[in-house]
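Please read the structure below before turning to the comments.
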Amino acid sequence: MFPAIEQEIKIAPWLKPLWTSLDFDRFPNAVLIHGQSGIGKFAFAIELAKALLCESTNLAGRPCNECDGCHWFNTGNHPDFTALVPETHRKLLPQTDYESVEPTKKSRNTKDDDSESSERKEKKNISIEETRGAIESLAIGSHRGGNRVILIYPLEMLRSDSANTLLKSLEEPPNKTIFILLADRVDRVLPTIRSRCRLLTAPRPDRSTGLAWLKSQLSGSSEVKVTDSDIETIYDEQGGAPHAVLESLIARHHKDEKDELTISIAASRILLQSMAQGAQINWLETSEKIHKAQYSYLLATMQRWVSDLQLVSMGGKPRYYPKHIGTLNGLSQTAQVIKLLQFWKSLVQARRSENHPLAARIQLEALLSQYQQVFEV
Ligand SMILES: [Zn+2]
């Protein structure tokens, strides 16, 4: 429709209809964008915040990237933009100098009493002090005379005391203040908050759109090298969330775990081919071929496969391996539901000790031989 706009708004193509549906002349005080994790809600919200803070008057509904407002925003310094995100998500914000945010955490630098796990849990939460500070600063009014935007993600990670503070602001919204709230699971958001927002449902792309986008993103990268068929495998395993796939590929690349990932992907493929054999699976040979790959990765693959098999057995559609629907249908004819459920429970049990398997090969043999028993001969 408008090719120029298509190019300038940095959001995923499947979210464009949602963008076009927004009325920038009468924008609500609070929107709650919800949808599956990893489909691009965060990037959408960032672009939306920028559009709402853009000071150019003749470009309704998209940021100009040239005005002072856009400039401040792009460098992570816009005084009227506040993002309440956990530490784990802060690196996703535009150009924020990550180091400069650290000093606010100096009180936690005493390493003596904080156990690592509680610290990690803390990093996944949105800080209460920050929430309170952000809400209190709303009383001061806008620095640049335009909108003020507060972005909160993930809303589920807001502690209850912070949620109450937020609720008060939503009940009596300060002038020219816009809340962009994001949630992966809208059913976990307090109904009192939900009812005060305009709900925007972010859809998941269909498989071919998602894959095409992902491949185009990766083709521009000289760093991350993955084959198309590997992309498809990972895509299906991540439940069709393209941004999640992209992030995990980049993260793994930076961690230099590429070799390990490659081994795991190859093993995962062999595993799937074997499991597709049903009663004819050669579990000894399969275990021998795959046991050097990451055990947790293999268990996850088995879980997805069995989950799809359960879905298909109940007349549903496969979620992770849609292109194997024929095989899954065939297997579901001879799979015994109770044994399949027992196998599922064994997998869940195995995942509890996945990080310290005693003998991966022997455990894989046991699991795959149990899988063979699922099917009537
Ligand atoms: Zn602008």
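Each chain in the structure tokens gets a letter, A, B and so on, in the order shown; residues start at 1 in every chain, and ligands are counted from 1 in the order they appear.
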
Tell me, counting only C-alpha atoms and all ligand atoms, for each residue of chain A within 12 Å of ligand 1, which pair of atoms is nearest and how far apart they are in Å to one decimal, in rows ordered by chain and increasing number, as JSON lines.
{"residue": "A:Glu8", "atom": "CA", "partner": "ligand 1", "partner_atom_place_in_ligand_line": "1 (Zn)", "distance": 11.8}
{"residue": "A:Glu47", "atom": "CA", "partner": "ligand 1", "partner_atom_place_in_ligand_line": "1 (Zn)", "distance": 11.2}
{"residue": "A:Leu48", "atom": "CA", "partner": "ligand 1", "partner_atom_place_in_ligand_line": "1 (Zn)", "distance": 11.8}
{"residue": "A:Ala49", "atom": "CA", "partner": "ligand 1", "partner_atom_place_in_ligand_line": "1 (Zn)", "distance": 11.1}
{"residue": "A:Lys50", "atom": "CA", "partner": "ligand 1", "partner_atom_place_in_ligand_line": "1 (Zn)", "distance": 7.6}
{"residue": "A:Ala51", "atom": "CA", "partner": "ligand 1", "partner_atom_place_in_ligand_line": "1 (Zn)", "distance": 7.1}
{"residue": "A:Leu52", "atom": "CA", "partner": "ligand 1", "partner_atom_place_in_ligand_line": "1 (Zn)", "distance": 9.0}
{"residue": "A:Leu53", "atom": "CA", "partner": "ligand 1", "partner_atom_place_in_ligand_line": "1 (Zn)", "distance": 7.3}
{"residue": "A:Cys54", "atom": "CA", "partner": "ligand 1", "partner_atom_place_in_ligand_line": "1 (Zn)", "distance": 3.7}
{"residue": "A:Glu55", "atom": "CA", "partner": "ligand 1", "partner_atom_place_in_ligand_line": "1 (Zn)", "distance": 5.0}
{"residue": "A:Ser56", "atom": "CA", "partner": "ligand 1", "partner_atom_place_in_ligand_line": "1 (Zn)", "distance": 5.0}
{"residue": "A:Thr57", "atom": "CA", "partner": "ligand 1", "partner_atom_place_in_ligand_line": "1 (Zn)", "distance": 8.5}
{"residue": "A:Asn58", "atom": "CA", "partner": "ligand 1", "partner_atom_place_in_ligand_line": "1 (Zn)", "distance": 9.9}
{"residue": "A:Leu59", "atom": "CA", "partner": "ligand 1", "partner_atom_place_in_ligand_line": "1 (Zn)", "distance": 8.4}
{"residue": "A:Ala60", "atom": "CA", "partner": "ligand 1", "partner_atom_place_in_ligand_line": "1 (Zn)", "distance": 10.2}
{"residue": "A:Gly61", "atom": "CA", "partner": "ligand 1", "partner_atom_place_in_ligand_line": "1 (Zn)", "distance": 10.5}
{"residue": "A:Arg62", "atom": "CA", "partner": "ligand 1", "partner_atom_place_in_ligand_line": "1 (Zn)", "distance": 8.1}
{"residue": "A:Pro63", "atom": "CA", "partner": "ligand 1", "partner_atom_place_in_ligand_line": "1 (Zn)", "distance": 4.8}
{"residue": "A:Cys64", "atom": "CA", "partner": "ligand 1", "partner_atom_place_in_ligand_line": "1 (Zn)", "distance": 3.9}
{"residue": "A:Asn65", "atom": "CA", "partner": "ligand 1", "partner_atom_place_in_ligand_line": "1 (Zn)", "distance": 4.7}
{"residue": "A:Glu66", "atom": "CA", "partner": "ligand 1", "partner_atom_place_in_ligand_line": "1 (Zn)", "distance": 5.2}
{"residue": "A:Cys67", "atom": "CA", "partner": "ligand 1", "partner_atom_place_in_ligand_line": "1 (Zn)", "distance": 4.2}
{"residue": "A:Asp68", "atom": "CA", "partner": "ligand 1", "partner_atom_place_in_ligand_line": "1 (Zn)", "distance": 6.7}
{"residue": "A:Gly69", "atom": "CA", "partner": "ligand 1", "partner_atom_place_in_ligand_line": "1 (Zn)", "distance": 5.5}
{"residue": "A:Cys70", "atom": "CA", "partner": "ligand 1", "partner_atom_place_in_ligand_line": "1 (Zn)", "distance": 4.3}
{"residue": "A:His71", "atom": "CA", "partner": "ligand 1", "partner_atom_place_in_ligand_line": "1 (Zn)", "distance": 7.4}
{"residue": "A:Trp72", "atom": "CA", "partner": "ligand 1", "partner_atom_place_in_ligand_line": "1 (Zn)", "distance": 9.4}
{"residue": "A:Phe73", "atom": "CA", "partner": "ligand 1", "partner_atom_place_in_ligand_line": "1 (Zn)", "distance": 9.0}
{"residue": "A:Asn74", "atom": "CA", "partner": "ligand 1", "partner_atom_place_in_ligand_line": "1 (Zn)", "distance": 10.0}
{"residue": "A:His78", "atom": "CA", "partner": "ligand 1", "partner_atom_place_in_ligand_line": "1 (Zn)", "distance": 11.8}
{"residue": "A:Gly146", "atom": "CA", "partner": "ligand 1", "partner_atom_place_in_ligand_line": "1 (Zn)", "distance": 11.9}

Once you have the residues from the selection above, write them out as a short mmCIF file (atom, residue, chain, number, x, y, z; two decimals), in the first residue's frame, restricted to C-alpha atoms.
data_model
loop_
_atom_site.label_atom_id
_atom_site.label_comp_id
_atom_site.auth_asym_id
_atom_site.auth_seq_id
_atom_site.Cartn_x
_atom_site.Cartn_y
_atom_site.Cartn_z
CA GLU A 8 10.56 2.93 7.68
CA GLU A 47 8.66 1.72 17.56
CA LEU A 48 5.26 2.73 18.90
CA ALA A 49 6.83 4.69 21.76
CA LYS A 50 9.07 6.49 19.29
CA ALA A 51 6.11 7.35 17.05
CA LEU A 52 4.23 8.78 20.04
CA LEU A 53 7.23 10.92 21.01
CA CYS A 54 8.13 12.05 17.48
CA GLU A 55 7.86 15.82 17.17
CA SER A 56 7.37 15.95 13.44
CA THR A 57 3.82 17.06 12.71
CA ASN A 58 3.29 15.93 9.15
CA LEU A 59 3.93 12.23 9.62
CA ALA A 60 1.01 11.02 11.67
CA GLY A 61 1.50 7.48 12.81
CA ARG A 62 5.16 6.93 12.17
CA PRO A 63 8.42 8.24 13.59
CA CYS A 64 10.41 10.55 11.28
CA ASN A 65 13.80 9.53 12.70
CA GLU A 66 15.02 13.06 12.09
CA CYS A 67 13.50 15.35 14.71
CA ASP A 68 15.05 16.00 18.13
CA GLY A 69 12.52 13.67 19.74
CA CYS A 70 13.51 10.78 17.49
CA HIS A 71 17.16 11.58 17.97
CA TRP A 72 16.84 11.55 21.77
CA PHE A 73 14.87 8.34 21.54
CA ASN A 74 17.30 6.54 19.25
CA HIS A 78 14.58 10.70 25.68
CA GLY A 146 4.68 16.49 24.18
#

May I have the residues within 12 Å of Glu130 of chain A as a VMD selection string, using only C-alpha atoms and disregarding those fewer than 3 positions away in the same chain? chain A and resid 82 to 87 101 104 to 105 125 to 127 133 to 137 150 152 158 to 159 162 165 to 166

Go ahead and dump the residues you just picked, N, CA and C atoms, as a CSV table (one decimal), in the first residue's frame.
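Contents of result01.csv, as written:
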chain,number,residue,atom,x,y,z
A,82,THR,N,10.1,6.3,29.6
A,82,THR,CA,10.6,5.5,30.7
A,82,THR,C,10.2,4.0,30.3
A,83,ALA,N,11.2,3.2,30.4
A,83,ALA,CA,11.0,1.7,30.2
A,83,ALA,C,11.2,1.0,31.5
A,84,LEU,N,10.1,0.4,32.0
A,84,LEU,CA,10.3,-0.5,33.2
A,84,LEU,C,10.4,-1.9,32.7
A,85,VAL,N,11.6,-2.4,32.6
A,85,VAL,CA,11.9,-3.7,32.2
A,85,VAL,C,12.9,-4.4,33.1
A,86,PRO,N,12.9,-5.7,33.3
A,86,PRO,CA,13.9,-6.3,34.1
A,86,PRO,C,15.3,-6.2,33.5
A,87,GLU,N,16.2,-6.3,34.4
A,87,GLU,CA,17.6,-6.2,33.9
A,87,GLU,C,17.9,-7.1,32.7
A,101,VAL,N,23.6,2.2,33.5
A,101,VAL,CA,22.4,1.8,34.3
A,101,VAL,C,22.8,1.1,35.6
A,104,THR,N,22.9,2.1,39.7
A,104,THR,CA,21.7,2.1,40.6
A,104,THR,C,21.6,0.7,41.4
A,105,LYS,N,22.4,-0.2,40.9
A,105,LYS,CA,22.3,-1.5,41.6
A,105,LYS,C,23.4,-1.7,42.6
A,125,ASN,N,12.7,-9.7,37.7
A,125,ASN,CA,11.6,-8.8,38.1
A,125,ASN,C,11.8,-7.4,37.8
A,126,ILE,N,10.7,-6.6,37.8
A,126,ILE,CA,10.9,-5.2,37.5
A,126,ILE,C,11.0,-4.6,38.9
A,127,SER,N,12.1,-3.7,39.0
A,127,SER,CA,12.4,-3.2,40.3
A,127,SER,C,11.3,-2.3,40.9
A,133,GLY,N,9.5,5.3,41.3
A,133,GLY,CA,10.2,6.6,40.8
A,133,GLY,C,9.5,7.0,39.5
A,134,ALA,N,9.3,6.1,38.6
A,134,ALA,CA,8.7,6.5,37.3
A,134,ALA,C,7.3,7.0,37.5
A,135,ILE,N,6.5,6.4,38.4
A,135,ILE,CA,5.1,6.9,38.5
A,135,ILE,C,5.1,8.3,39.2
A,136,GLU,N,6.0,8.4,40.2
A,136,GLU,CA,6.0,9.7,41.0
A,136,GLU,C,6.5,10.8,40.0
A,137,SER,N,7.4,10.5,39.1
A,137,SER,CA,7.9,11.5,38.2
A,137,SER,C,6.8,12.0,37.2
A,150,ILE,N,5.4,5.5,29.0
A,150,ILE,CA,5.9,4.6,29.9
A,150,ILE,C,5.6,3.2,29.4
A,152,ILE,N,6.1,-0.9,29.9
A,152,ILE,CA,6.3,-1.9,31.0
A,152,ILE,C,6.2,-3.3,30.3
A,158,LEU,N,5.6,-7.6,37.1
A,158,LEU,CA,5.4,-6.5,38.0
A,158,LEU,C,4.9,-7.0,39.3
A,159,ARG,N,5.6,-6.6,40.4
A,159,ARG,CA,5.2,-7.2,41.7
A,159,ARG,C,3.9,-6.5,42.1
A,162,SER,N,3.9,-2.8,43.1
A,162,SER,CA,4.1,-2.0,41.9
A,162,SER,C,2.8,-1.9,41.1
A,165,THR,N,0.5,0.6,42.4
A,165,THR,CA,0.9,2.0,42.1
A,165,THR,C,0.5,2.3,40.6
A,166,LEU,N,0.7,1.3,39.8
A,166,LEU,CA,0.4,1.5,38.4
A,166,LEU,C,-1.1,1.7,38.2

Pull the closest atom pair for each residue of segment 220-296 of chain A that gets at most 12 Å from segment 338-355 of chain A, along with the distance in Å to one decimal, counting only C-alpha atoms, ordering rows by chain and then ascending residue number, as a tab-separated table.
residue	atom	partner	partner_atom	distance
A:Gly278	CA	A:Leu340	CA	11.6
A:Gln294	CA	A:Glu354	CA	9.2
A:Tyr295	CA	A:Glu354	CA	6.4
A:Ser296	CA	A:Glu354	CA	5.3

Would you put the residues from that selection into a file with N, CA and C atoms, as a compact mmCIF listing (two decimals), in the first residue's frame?
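Saved as out.txt:
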# COMPACT_ATOMS: atom_id res chain seq x y z
N GLY A 278 8.24 -45.31 14.82
CA GLY A 278 7.30 -45.94 15.75
C GLY A 278 7.83 -47.25 16.29
N GLN A 294 23.79 -32.60 23.30
CA GLN A 294 23.32 -32.13 24.60
C GLN A 294 22.06 -32.90 25.01
N TYR A 295 22.13 -33.53 26.17
CA TYR A 295 21.03 -34.40 26.63
C TYR A 295 19.72 -33.62 26.76
N SER A 296 19.81 -32.40 27.33
CA SER A 296 18.59 -31.62 27.54
C SER A 296 17.92 -31.26 26.21

What lies within 6 Å of segment 323-334 of chain A using only C-alpha atoms, ignoring chain neighbours under 2 positions off, as JSON, numbers by chain? {"A": [309, 313, 321, 375, 376]}

Can I get the selected residues back with C-alpha atoms, as a PDB file, in the first residue's frame?
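New file result.pdb:
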ATOM      1  CA  LEU A 309       1.642 -37.123  18.877  1.00  0.00           C
ATOM      2  CA  SER A 313      -4.163 -38.704  18.718  1.00  0.00           C
ATOM      3  CA  TYR A 321       6.180 -30.376  13.653  1.00  0.00           C
ATOM      4  CA  PHE A 375       3.009 -48.748  19.767  1.00  0.00           C
ATOM      5  CA  GLU A 376       1.022 -51.911  19.196  1.00  0.00           C
TER       6      GLU A 376
END

At a cut-off of 8 Å, using only C-alpha atoms, what residues contact Ser37 of chain A? Leave out same-chain residues fewer than 3 positions from it and give the result as a ChimeraX atom specification. /A:40-41,184,241,244

Write out, as a short mmCIF file (atom, residue, chain, number, x, y, z; two decimals), in the first residue's frame, the residues just selected, with N, CA and C atoms.
data_model
loop_
_atom_site.label_atom_id
_atom_site.label_comp_id
_atom_site.auth_asym_id
_atom_site.auth_seq_id
_atom_site.Cartn_x
_atom_site.Cartn_y
_atom_site.Cartn_z
N GLY A 40 7.73 -10.51 18.44
CA GLY A 40 8.07 -9.15 18.03
C GLY A 40 7.30 -8.05 18.72
N LYS A 41 6.65 -8.37 19.85
CA LYS A 41 5.88 -7.35 20.57
C LYS A 41 6.77 -6.23 21.09
N ASP A 184 3.01 -11.44 27.81
CA ASP A 184 2.99 -12.67 27.03
C ASP A 184 1.70 -13.44 27.34
N ALA A 241 7.80 -18.84 16.84
CA ALA A 241 8.02 -17.46 17.30
C ALA A 241 9.33 -16.94 16.71
N ALA A 244 12.02 -15.05 18.79
CA ALA A 244 12.66 -15.94 19.76
C ALA A 244 13.75 -16.75 19.08
#

Residues near segment 15-28 of chain A, cut-off 12 Å, only C-alpha atoms, skip fewer than 5 positions along chain, as a ChimeraX atom specification: /A:1-2,5-10,33-35,39-45,47-49,51-54,57,59-63,147,149,170,173,175-180,196-206,209-210

Next, dump the selected residues to file, keeping only C-alpha atoms, as a short mmCIF file (atom, residue, chain, number, x, y, z; two decimals), in the first residue's frame.
data_model
loop_
_atom_site.label_atom_id
_atom_site.label_comp_id
_atom_site.auth_asym_id
_atom_site.auth_seq_id
_atom_site.Cartn_x
_atom_site.Cartn_y
_atom_site.Cartn_z
CA MET A 1 0.00 0.00 0.00
CA PHE A 2 2.52 2.61 1.19
CA ILE A 5 6.03 3.50 5.27
CA GLU A 6 6.63 -0.22 4.99
CA GLN A 7 10.34 0.43 4.89
CA GLU A 8 10.56 2.93 7.68
CA ILE A 9 8.63 1.26 10.45
CA LYS A 10 10.89 -1.33 11.96
CA ILE A 33 -0.24 -5.47 23.82
CA HIS A 34 -0.43 -9.18 24.37
CA GLY A 35 0.54 -12.28 22.44
CA ILE A 39 6.80 -12.74 18.01
CA GLY A 40 8.07 -9.15 18.03
CA LYS A 41 5.88 -7.35 20.57
CA PHE A 42 8.83 -5.63 22.18
CA ALA A 43 10.22 -4.22 18.91
CA PHE A 44 6.68 -3.13 18.05
CA ALA A 45 6.31 -1.33 21.39
CA GLU A 47 8.66 1.72 17.56
CA LEU A 48 5.26 2.73 18.90
CA ALA A 49 6.83 4.69 21.76
CA ALA A 51 6.11 7.35 17.05
CA LEU A 52 4.23 8.78 20.04
CA LEU A 53 7.23 10.92 21.01
CA CYS A 54 8.13 12.05 17.48
CA THR A 57 3.82 17.06 12.71
CA LEU A 59 3.93 12.23 9.62
CA ALA A 60 1.01 11.02 11.67
CA GLY A 61 1.50 7.48 12.81
CA ARG A 62 5.16 6.93 12.17
CA PRO A 63 8.42 8.24 13.59
CA ASN A 147 3.64 13.02 25.23
CA VAL A 149 5.48 7.30 27.38
CA LEU A 170 -4.35 4.21 35.19
CA PRO A 173 -4.16 9.15 34.00
CA ASN A 175 -2.22 14.54 31.12
CA LYS A 176 -0.51 13.43 27.89
CA THR A 177 0.79 10.27 29.50
CA ILE A 178 0.59 7.03 27.57
CA PHE A 179 1.20 3.61 29.05
CA ILE A 180 2.36 0.86 26.73
CA ARG A 196 -8.37 0.03 32.01
CA CYS A 197 -6.39 -0.62 28.84
CA ARG A 198 -7.16 -0.88 25.17
CA LEU A 199 -6.30 -4.50 24.41
CA LEU A 200 -4.17 -5.06 21.32
CA THR A 201 -3.70 -8.68 20.28
CA ALA A 202 -0.37 -9.32 18.57
CA PRO A 203 -0.75 -12.30 16.23
CA ARG A 204 1.74 -15.05 15.50
CA PRO A 205 2.74 -15.18 11.83
CA ASP A 206 1.85 -18.16 9.69
CA THR A 209 5.69 -15.62 6.60
CA GLY A 210 7.64 -16.21 9.80
#

I'd like to know which residues of segment 136-363 of chain A are alpha helix (DSSP H) (by DSSP, run on the backbone); could you write them as JSON, numbers by chain? {"A": [136, 137, 160, 161, 162, 163, 164, 165, 166, 167, 168, 169, 170, 171, 191, 192, 193, 194, 207, 208, 209, 210, 211, 212, 213, 214, 215, 216, 217, 218, 219, 228, 229, 230, 231, 232, 233, 234, 235, 236, 237, 242, 243, 244, 245, 246, 247, 248, 249, 250, 251, 252, 253, 254, 258, 259, 260, 261, 262, 263, 264, 265, 266, 267, 268, 269, 270, 271, 272, 273, 274, 275, 283, 284, 285, 286, 287, 288, 289, 290, 295, 296, 297, 298, 299, 300, 301, 302, 303, 304, 305, 306, 307, 308, 309, 310, 311, 312, 313, 325, 326, 327, 328, 329, 330, 331, 332, 333, 334, 337, 338, 339, 340, 341, 342, 343, 344, 345, 346, 347, 348, 349, 350, 351, 352, 360, 361, 362, 363]}

Using C-alpha atoms, can you write the selected residues to a file as a short mmCIF file (atom, residue, chain, number, x, y, z; two decimals), in the first residue's frame?
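Done, and the output landed in selection.cif:
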data_model
loop_
_atom_site.label_atom_id
_atom_site.label_comp_id
_atom_site.auth_asym_id
_atom_site.auth_seq_id
_atom_site.Cartn_x
_atom_site.Cartn_y
_atom_site.Cartn_z
CA GLU A 136 6.04 9.68 40.96
CA SER A 137 7.89 11.55 38.23
CA SER A 160 1.81 -6.66 43.34
CA ASP A 161 2.81 -3.48 45.20
CA SER A 162 4.07 -1.97 41.93
CA ALA A 163 0.92 -3.11 40.17
CA ASN A 164 -1.16 -1.19 42.70
CA THR A 165 0.87 1.96 42.09
CA LEU A 166 0.37 1.50 38.36
CA LEU A 167 -3.34 0.93 38.82
CA LYS A 168 -3.73 4.28 40.58
CA SER A 169 -2.12 6.05 37.62
CA LEU A 170 -4.35 4.21 35.19
CA GLU A 171 -7.42 5.24 37.15
CA PRO A 191 -8.30 -7.84 35.60
CA THR A 192 -8.40 -4.38 37.19
CA ILE A 193 -5.41 -3.34 35.08
CA ARG A 194 -6.65 -5.13 31.98
CA ARG A 207 4.78 -20.51 9.17
CA SER A 208 5.83 -19.35 5.70
CA THR A 209 5.69 -15.62 6.60
CA GLY A 210 7.64 -16.21 9.80
CA LEU A 211 10.29 -18.30 8.08
CA ALA A 212 10.67 -15.84 5.20
CA TRP A 213 11.18 -12.98 7.65
CA LEU A 214 13.69 -14.96 9.67
CA LYS A 215 15.70 -15.95 6.61
CA SER A 216 15.77 -12.35 5.40
CA GLN A 217 17.00 -11.19 8.82
CA LEU A 218 19.74 -13.80 8.83
CA SER A 219 20.78 -13.31 5.24
CA ASP A 228 17.70 -23.00 5.74
CA SER A 229 16.75 -26.49 6.87
CA ASP A 230 18.30 -25.86 10.30
CA ILE A 231 16.34 -22.62 10.54
CA GLU A 232 13.15 -24.56 9.81
CA THR A 233 13.95 -27.17 12.43
CA ILE A 234 14.62 -24.59 15.12
CA TYR A 235 11.62 -22.55 14.02
CA ASP A 236 9.23 -25.44 14.54
CA GLU A 237 10.81 -26.31 17.85
CA PRO A 242 10.48 -15.84 14.83
CA HIS A 243 11.98 -13.25 17.18
CA ALA A 244 12.66 -15.94 19.76
CA VAL A 245 14.46 -18.00 17.12
CA LEU A 246 16.52 -15.03 15.98
CA GLU A 247 17.49 -14.10 19.52
CA SER A 248 18.48 -17.62 20.43
CA LEU A 249 20.55 -18.00 17.26
CA ILE A 250 22.39 -14.75 17.90
CA ALA A 251 22.85 -15.48 21.60
CA ARG A 252 24.21 -18.94 20.90
CA HIS A 253 26.52 -17.55 18.29
CA HIS A 254 27.94 -15.02 20.72
CA LYS A 258 27.80 -22.94 17.58
CA ASP A 259 29.46 -26.31 17.36
CA GLU A 260 27.44 -27.67 20.21
CA LEU A 261 24.29 -26.31 18.63
CA THR A 262 25.16 -27.83 15.27
CA ILE A 263 25.74 -31.21 16.88
CA SER A 264 22.47 -30.95 18.78
CA ILE A 265 20.50 -29.98 15.68
CA ALA A 266 21.94 -32.86 13.68
CA ALA A 267 21.27 -35.32 16.51
CA SER A 268 17.79 -33.94 16.94
CA ARG A 269 17.08 -34.64 13.29
CA ILE A 270 18.28 -38.24 13.59
CA LEU A 271 16.17 -38.62 16.70
CA LEU A 272 13.06 -37.39 14.90
CA GLN A 273 13.66 -39.69 11.95
CA SER A 274 13.99 -42.60 14.36
CA MET A 275 10.92 -41.70 16.38
CA TRP A 283 16.70 -47.56 19.73
CA LEU A 284 20.18 -49.02 20.25
CA GLU A 285 21.52 -47.61 17.03
CA THR A 286 19.76 -44.28 17.55
CA SER A 287 21.18 -43.85 21.05
CA GLU A 288 24.64 -44.62 19.76
CA LYS A 289 24.35 -41.95 17.08
CA ILE A 290 22.96 -39.18 19.24
CA TYR A 295 21.03 -34.40 26.63
CA SER A 296 18.59 -31.62 27.54
CA TYR A 297 18.22 -30.68 23.88
CA LEU A 298 17.35 -34.27 22.97
CA LEU A 299 14.84 -34.54 25.78
CA ALA A 300 13.17 -31.33 24.62
CA THR A 301 12.92 -32.72 21.09
CA MET A 302 11.32 -35.91 22.41
CA GLN A 303 8.87 -33.90 24.47
CA ARG A 304 7.79 -31.83 21.48
CA TRP A 305 7.37 -34.91 19.35
CA VAL A 306 5.32 -36.72 21.99
CA SER A 307 3.29 -33.59 22.64
CA ASP A 308 2.43 -33.42 18.93
CA LEU A 309 1.64 -37.12 18.88
CA GLN A 310 -0.73 -36.63 21.82
CA LEU A 311 -2.42 -33.71 20.05
CA VAL A 312 -2.86 -35.65 16.84
CA SER A 313 -4.16 -38.70 18.72
CA ILE A 325 1.51 -34.37 10.16
CA GLY A 326 1.31 -37.41 7.87
CA THR A 327 3.77 -39.40 9.96
CA LEU A 328 2.14 -38.30 13.21
CA ASN A 329 -1.27 -39.34 11.92
CA GLY A 330 0.08 -42.73 10.93
CA LEU A 331 1.72 -43.26 14.33
CA SER A 332 -1.37 -42.16 16.21
CA GLN A 333 -3.25 -45.12 14.72
CA THR A 334 -1.18 -47.63 16.69
CA VAL A 337 -2.81 -43.52 24.78
CA ILE A 338 -2.02 -44.72 28.29
CA LYS A 339 1.49 -45.84 27.38
CA LEU A 340 2.07 -42.57 25.59
CA LEU A 341 1.10 -40.71 28.73
CA GLN A 342 3.43 -42.88 30.78
CA PHE A 343 6.24 -42.13 28.36
CA TRP A 344 5.49 -38.42 28.69
CA LYS A 345 5.81 -38.75 32.46
CA SER A 346 9.17 -40.49 32.04
CA LEU A 347 10.35 -37.58 29.91
CA VAL A 348 9.25 -35.07 32.52
CA GLN A 349 11.07 -37.12 35.14
CA ALA A 350 14.21 -37.25 32.98
CA ARG A 351 14.21 -33.48 32.50
CA ARG A 352 14.54 -33.02 36.25
CA ALA A 360 23.23 -40.16 28.85
CA ARG A 361 23.53 -43.06 26.46
CA ILE A 362 22.01 -45.62 28.82
CA GLN A 363 19.19 -43.26 29.72
#

I need the residue nearest Asn29 of chain A from this list: A:Val226, A:Leu181, A:Leu92, A:Leu367. Use only C-alpha atoms for the distance. A:Leu181

Computed interatomic separation between atom CA of Tyr153 of chain A and atom CA of Leu32 of chain A (Å): 10.1 Å

So, counting only C-alpha atoms, which residue among A:Leu93, A:Ala279, A:Ile128, A:Ala139 is closest to Val374 of chain A?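 Closest to Val374 of chain A of all the choices is A:Ala279.
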
Backbone-only DSSP, strand (DSSP E) members of segment 197-375 of chain A, as an MDAnalysis selection string: chainID A and resid 198:201

Could you write those residues out with N, CA and C atoms, as a short mmCIF file (atom, residue, chain, number, x, y, z; two decimals), in the first residue's frame?
data_model
loop_
_atom_site.label_atom_id
_atom_site.label_comp_id
_atom_site.auth_asym_id
_atom_site.auth_seq_id
_atom_site.Cartn_x
_atom_site.Cartn_y
_atom_site.Cartn_z
N ARG A 198 -6.71 -0.40 26.47
CA ARG A 198 -7.16 -0.88 25.17
C ARG A 198 -6.34 -2.13 24.86
N LEU A 199 -7.02 -3.25 24.66
CA LEU A 199 -6.30 -4.50 24.41
C LEU A 199 -5.91 -4.60 22.94
N LEU A 200 -4.64 -4.87 22.69
CA LEU A 200 -4.17 -5.06 21.32
C LEU A 200 -3.58 -6.47 21.22
N THR A 201 -4.17 -7.30 20.41
CA THR A 201 -3.70 -8.68 20.28
C THR A 201 -2.65 -8.77 19.17
#
